[in-house]
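S.K.: Handing you this structure, nothing more for now.
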Amino acid sequence: MSEHGDNQEGEGAAGGQTEEPESAAWQAAHLLAEEAALVAETSEGAQELLPRGTTGAPDLRREVGAVLRLPEGNYIDPGDIDIERRDDQTMIINMGPQHPSTHGVLRLMLELDGETVLRTKPIIGYLHTGMEKTAEELTYVQGCTNVTRMDYLAPLHNELVFSLATEALLDVEVPPRAVWIRMLMAELNRVSSHLMWMATNGMDLGSTSMMIYGFREREMVLSFFEKTTGLRMNHNFIRPGGVAADLPDGWQDDIEVICDTVLARTFEYDELLTGQPIFRERTEAVGNLSAEEALALSVTGPILRSTGVPWDLRRTMPYLAYDKLDFDVIVGTYGDNFDRYSVRLNEIRESIKMVRQISEMMPPGDYRVQDRKVTPPPRARIDESMEALIHHFKIFTEGFRVPEGEVYVAIESPRGELGCYMVSDGTSKPYRMHIRGPSFVNLQVLPVLLRGGLMADAVAVISSVDPVMGEVDR
Amino acid sequence: MPDRLVDQLAFPGRDTYQRMVAAFRDAGFESCADLCAVDYLTHPGRSLPAGVTAERFEVVVNLLSLSMRQRVRIRVQVPESDPVLDSLVDIYPGTDSMEREAFDMVGIIFTGHPDLTRILMPEEWEGHPLRKDYGVGRVPVQFKEAPGPR
């Protein structure tokens, strides 16, 4: 053995044997180079979490404190942070982007000390399709089909915020029935989105039956969407100027069935999960967040409410006709996984309460603005009226012109504040359309939630943040 | 436009931007809802209040006050020759990802940001996609079947 090794070394040092590229040393070197090229090709470079050895002390303090870059450093003194841990005591592991529990293509790099998570860095962008750039190429009429694909679990909210922003620039008043149909669909969408979350969260915690139940109930809501809009997802139903169609005949009966069934089943979930000791052990006091941290990190939605801040745009800055509805804003106390779970479960019940009220109070009338510059004429009119034909042609080729201006509109999506910042230069296409995705911003709390926790809880914590990667990456 | 959508607007200069945001924070704006950048290359004649010179880039910050139920929108002009702006991360830690996105998409450099890397595009990507001169459609898309080998 040693003889052989010596021989090879000797050969290498002498620089001979170049005419024999099949030698073991040459092959090993070749493999290494290939591997290095492969690593370089797939690496995200500086976006990744760097090992301790190559990170300087100030950077490390900052990264560890993270995670808690809070104003005035009132929560963590950089000097107190233990950065003395040696590189060989900790381990950086990679999770995702194909990990089944990261809800899409989220990639996390975690630094572990044994089983304890120290630093975390979410790396995103694997689903980036340039939707904001695409929006600049599409007219306002076409824009809805683009934005609806962002948050694919709450497509109607995306359409809603886009339409509200366009209407604000156009200064168009939408008829009451359209407003109430929008509200009905948005609340049903919140129910379906939260049900989906309950399902995947159950799955992540090992409660497979919850996954089946959640999907079963969500299917009822999706069937209603299919009946109303023609599609189960990506509806393009809420459009600038109103909604695409009136509600189908007998919609009130369908709503009644959905409300009764889903409400009754939320109490079954209580028995299945809420009171179950294993579920509580795994969720209570896991991934705690304080209200100050949540506000500093711009967190919104159920995560913010779980920390005890009663902030719900439907109540605090009402849009549509939410000020006419009677509902409660659900808040938690500790901001742990269990609070986030119970906030969402109870929001399903509140949404059902709202859907019932909307169903009773639905006003009659038009379901879209009768302004031929914004909404296309009815199909039958095109055959009889030249003017209608021209309007129809204009809307679908050129679109309508929107006055110059800029506006920021925000609504409460199932995941938090969904904002749309729209700039118009007076043409029929948005000059700039920026979507403030709640998942994108909420992902910033992951390092805070995971720090100091166990690796085994990481999956539960990621799930409780409820990120939708379509919206994160846009 | 509905009343609730008419926000307060503020147009600070680049030198006073950070101090103004800090003043708003101290005045009760607890959270920074949104931060994004706009490239006004092909729309220079937008309306701005007197005294504000239009530059190519604009960084738009939406602050939110939960206690007063108010929003304020801060618009800063950033020149093309020197697209640099102070970072807000020390004031609102939540702007971390948003500033990285603005850097990635429009190419605004935020000084004082602890980790200004690309966030949506791959690290070695060239150019900033949301700039107006980025060139969409540079790569031709083949719609019909490519001619076969024969």
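Letters A, B, ... go to the chains of the structure tokens in the order shown; residues in each chain start at 1; ligands are counted from 1 in the same order.
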Quick one: DSSP strand (DSSP E or B) residues in range 161-410 of chain A, as a list of chain:residue names?

M.R.: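 Here are the strand (DSSP E or B) residues of range 161-410 of chain A: A:Ile238, A:Arg239, A:Gly242, A:Val243, A:Arg368, A:Gly405, A:Glu406, A:Val407, A:Tyr408, A:Val409, A:Ala410.
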
S.K.: Let's see if you can do this: from backbone DSSP, list all alpha helix (DSSP H) residues in range 213-245 of chain A, as a list in words.

M.R.: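 Taking range 213-245 of chain A and keeping alpha helix (DSSP H) gives Tyr213, Gly214, Phe215, Arg216, Glu217, Arg218, Glu219, Met220, Val221, Leu222, Ser223, Phe224, Phe225, Glu226, Lys227, Thr228 and Thr229 of chain A.
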
S.K.: Would you mind exporting N, CA and C atoms of the selected residues as a short mmCIF file (atom, residue, chain, number, x, y, z; two decimals), in the first residue's frame?

M.R.:
data_model
loop_
_atom_site.label_atom_id
_atom_site.label_comp_id
_atom_site.auth_asym_id
_atom_site.auth_seq_id
_atom_site.Cartn_x
_atom_site.Cartn_y
_atom_site.Cartn_z
N TYR A 213 -59.30 15.81 5.10
CA TYR A 213 -60.50 16.58 5.43
C TYR A 213 -60.42 17.99 4.85
N GLY A 214 -59.27 18.61 5.01
CA GLY A 214 -59.11 19.99 4.53
C GLY A 214 -59.36 20.08 3.04
N PHE A 215 -58.77 19.14 2.30
CA PHE A 215 -58.97 19.16 0.85
C PHE A 215 -60.42 18.89 0.48
N ARG A 216 -61.07 18.01 1.26
CA ARG A 216 -62.47 17.67 0.96
C ARG A 216 -63.35 18.91 1.08
N GLU A 217 -63.17 19.67 2.17
CA GLU A 217 -64.01 20.84 2.37
C GLU A 217 -63.68 21.93 1.34
N ARG A 218 -62.39 22.06 1.05
CA ARG A 218 -61.98 23.09 0.09
C ARG A 218 -62.61 22.82 -1.26
N GLU A 219 -62.76 21.55 -1.57
CA GLU A 219 -63.33 21.17 -2.85
C GLU A 219 -64.75 21.72 -3.02
N MET A 220 -65.51 21.78 -1.92
CA MET A 220 -66.88 22.32 -2.00
C MET A 220 -66.83 23.78 -2.46
N VAL A 221 -65.91 24.52 -1.85
CA VAL A 221 -65.81 25.94 -2.21
C VAL A 221 -65.35 26.07 -3.66
N LEU A 222 -64.39 25.24 -4.04
CA LEU A 222 -63.89 25.32 -5.42
C LEU A 222 -64.98 24.97 -6.43
N SER A 223 -65.85 24.04 -6.07
CA SER A 223 -66.95 23.70 -6.99
C SER A 223 -67.85 24.91 -7.20
N PHE A 224 -68.08 25.64 -6.10
CA PHE A 224 -68.90 26.84 -6.24
C PHE A 224 -68.19 27.86 -7.14
N PHE A 225 -66.87 27.98 -6.97
CA PHE A 225 -66.12 28.91 -7.83
C PHE A 225 -66.23 28.47 -9.28
N GLU A 226 -66.16 27.16 -9.51
CA GLU A 226 -66.22 26.67 -10.87
C GLU A 226 -67.58 26.98 -11.49
N LYS A 227 -68.61 26.84 -10.67
CA LYS A 227 -69.97 27.11 -11.15
C LYS A 227 -70.12 28.60 -11.49
N THR A 228 -69.50 29.45 -10.68
CA THR A 228 -69.68 30.89 -10.85
C THR A 228 -68.76 31.46 -11.92
N THR A 229 -67.49 31.06 -11.86
CA THR A 229 -66.51 31.72 -12.73
C THR A 229 -66.11 30.86 -13.91
#

S.K.: For range 139-144 of chain A, list every protein, DNA or RNA residue within 6 Å, evaluated using only C-alpha atoms, and leave out those in the same chain fewer than 6 positions away; present the list as a list in words.

M.R.: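 Residues meeting the cut-off are Glu159, Asn236, Gly399, Ser428 and Lys429 of chain A.
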
S.K.: What are the residues of chain B that have an atom within 9 Å of an atom of chain A, counting only C-alpha atoms, as a PyMOL selection string?

M.R.: chain B and resi 1-2+4-7+30-40+43+46-47+62+66+69-70+73+89-98+114-124+129-130+136

S.K.: Given the selection you just returned, output its residues as a file containing C-alpha atoms, formatted as a PDB file, in the first residue's frame.

M.R.:
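Once everything was written out, this is out.pdb:
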ATOM      1  CA  MET B   1     -60.567  58.750  -6.126  1.00  0.00           C
ATOM      2  CA  PRO B   2     -62.082  57.493  -2.845  1.00  0.00           C
ATOM      3  CA  ARG B   4     -59.366  56.516   1.929  1.00  0.00           C
ATOM      4  CA  LEU B   5     -56.966  56.104  -0.978  1.00  0.00           C
ATOM      5  CA  VAL B   6     -55.681  59.646  -0.897  1.00  0.00           C
ATOM      6  CA  ASP B   7     -52.590  59.184   1.205  1.00  0.00           C
ATOM      7  CA  GLU B  30     -44.880  51.578  13.503  1.00  0.00           C
ATOM      8  CA  SER B  31     -44.554  49.577  10.338  1.00  0.00           C
ATOM      9  CA  CYS B  32     -43.183  49.961   6.839  1.00  0.00           C
ATOM     10  CA  ALA B  33     -45.774  48.370   4.599  1.00  0.00           C
ATOM     11  CA  ASP B  34     -43.982  48.507   1.300  1.00  0.00           C
ATOM     12  CA  LEU B  35     -40.890  49.736  -0.478  1.00  0.00           C
ATOM     13  CA  CYS B  36     -40.425  49.616  -4.221  1.00  0.00           C
ATOM     14  CA  ALA B  37     -38.578  51.426  -6.968  1.00  0.00           C
ATOM     15  CA  VAL B  38     -39.902  52.824 -10.242  1.00  0.00           C
ATOM     16  CA  ASP B  39     -37.903  53.591 -13.375  1.00  0.00           C
ATOM     17  CA  TYR B  40     -39.323  56.732 -15.024  1.00  0.00           C
ATOM     18  CA  HIS B  43     -42.281  58.887 -18.589  1.00  0.00           C
ATOM     19  CA  ARG B  46     -44.898  63.169 -14.382  1.00  0.00           C
ATOM     20  CA  SER B  47     -46.437  65.660 -12.017  1.00  0.00           C
ATOM     21  CA  ASN B  62     -45.411  53.229   2.178  1.00  0.00           C
ATOM     22  CA  LEU B  66     -51.635  51.215  13.276  1.00  0.00           C
ATOM     23  CA  ARG B  69     -54.916  54.212  11.071  1.00  0.00           C
ATOM     24  CA  GLN B  70     -53.017  56.241   8.533  1.00  0.00           C
ATOM     25  CA  ARG B  73     -46.197  57.586   1.067  1.00  0.00           C
ATOM     26  CA  VAL B  89     -33.009  48.553   7.606  1.00  0.00           C
ATOM     27  CA  ASP B  90     -31.868  50.154  10.853  1.00  0.00           C
ATOM     28  CA  ILE B  91     -35.180  51.983  11.184  1.00  0.00           C
ATOM     29  CA  TYR B  92     -37.512  49.264   9.905  1.00  0.00           C
ATOM     30  CA  PRO B  93     -35.859  45.809   9.851  1.00  0.00           C
ATOM     31  CA  GLY B  94     -38.724  44.616   7.664  1.00  0.00           C
ATOM     32  CA  THR B  95     -37.388  46.573   4.691  1.00  0.00           C
ATOM     33  CA  ASP B  96     -34.550  44.054   4.360  1.00  0.00           C
ATOM     34  CA  SER B  97     -36.173  41.915   1.652  1.00  0.00           C
ATOM     35  CA  MET B  98     -37.902  44.862   0.012  1.00  0.00           C
ATOM     36  CA  PRO B 114     -26.280  44.548   5.650  1.00  0.00           C
ATOM     37  CA  ASP B 115     -26.777  42.044   2.859  1.00  0.00           C
ATOM     38  CA  LEU B 116     -27.455  43.715  -0.467  1.00  0.00           C
ATOM     39  CA  THR B 117     -27.571  40.708  -2.771  1.00  0.00           C
ATOM     40  CA  ARG B 118     -30.001  39.721  -5.471  1.00  0.00           C
ATOM     41  CA  ILE B 119     -33.115  38.098  -4.094  1.00  0.00           C
ATOM     42  CA  LEU B 120     -35.286  36.964  -7.004  1.00  0.00           C
ATOM     43  CA  MET B 121     -32.781  36.607  -9.849  1.00  0.00           C
ATOM     44  CA  PRO B 122     -29.768  34.297  -9.786  1.00  0.00           C
ATOM     45  CA  GLU B 123     -26.652  35.893  -8.334  1.00  0.00           C
ATOM     46  CA  GLU B 124     -24.766  36.047 -11.645  1.00  0.00           C
ATOM     47  CA  PRO B 129     -35.156  43.459 -15.211  1.00  0.00           C
ATOM     48  CA  LEU B 130     -37.602  46.165 -14.186  1.00  0.00           C
ATOM     49  CA  VAL B 136     -38.050  42.523 -23.113  1.00  0.00           C
TER      50      VAL B 136
END

S.K.: With distances taken over only C-alpha atoms, which residue among A:Ala291, A:Val179, A:Ile258, A:Asn201 lies nearest Val243 in chain A?

M.R.: A:Val179

S.K.: So how far away is CA of Ala321 in chain A from CA of Gln370 in chain A, in Å?

M.R.: 20.2 Å
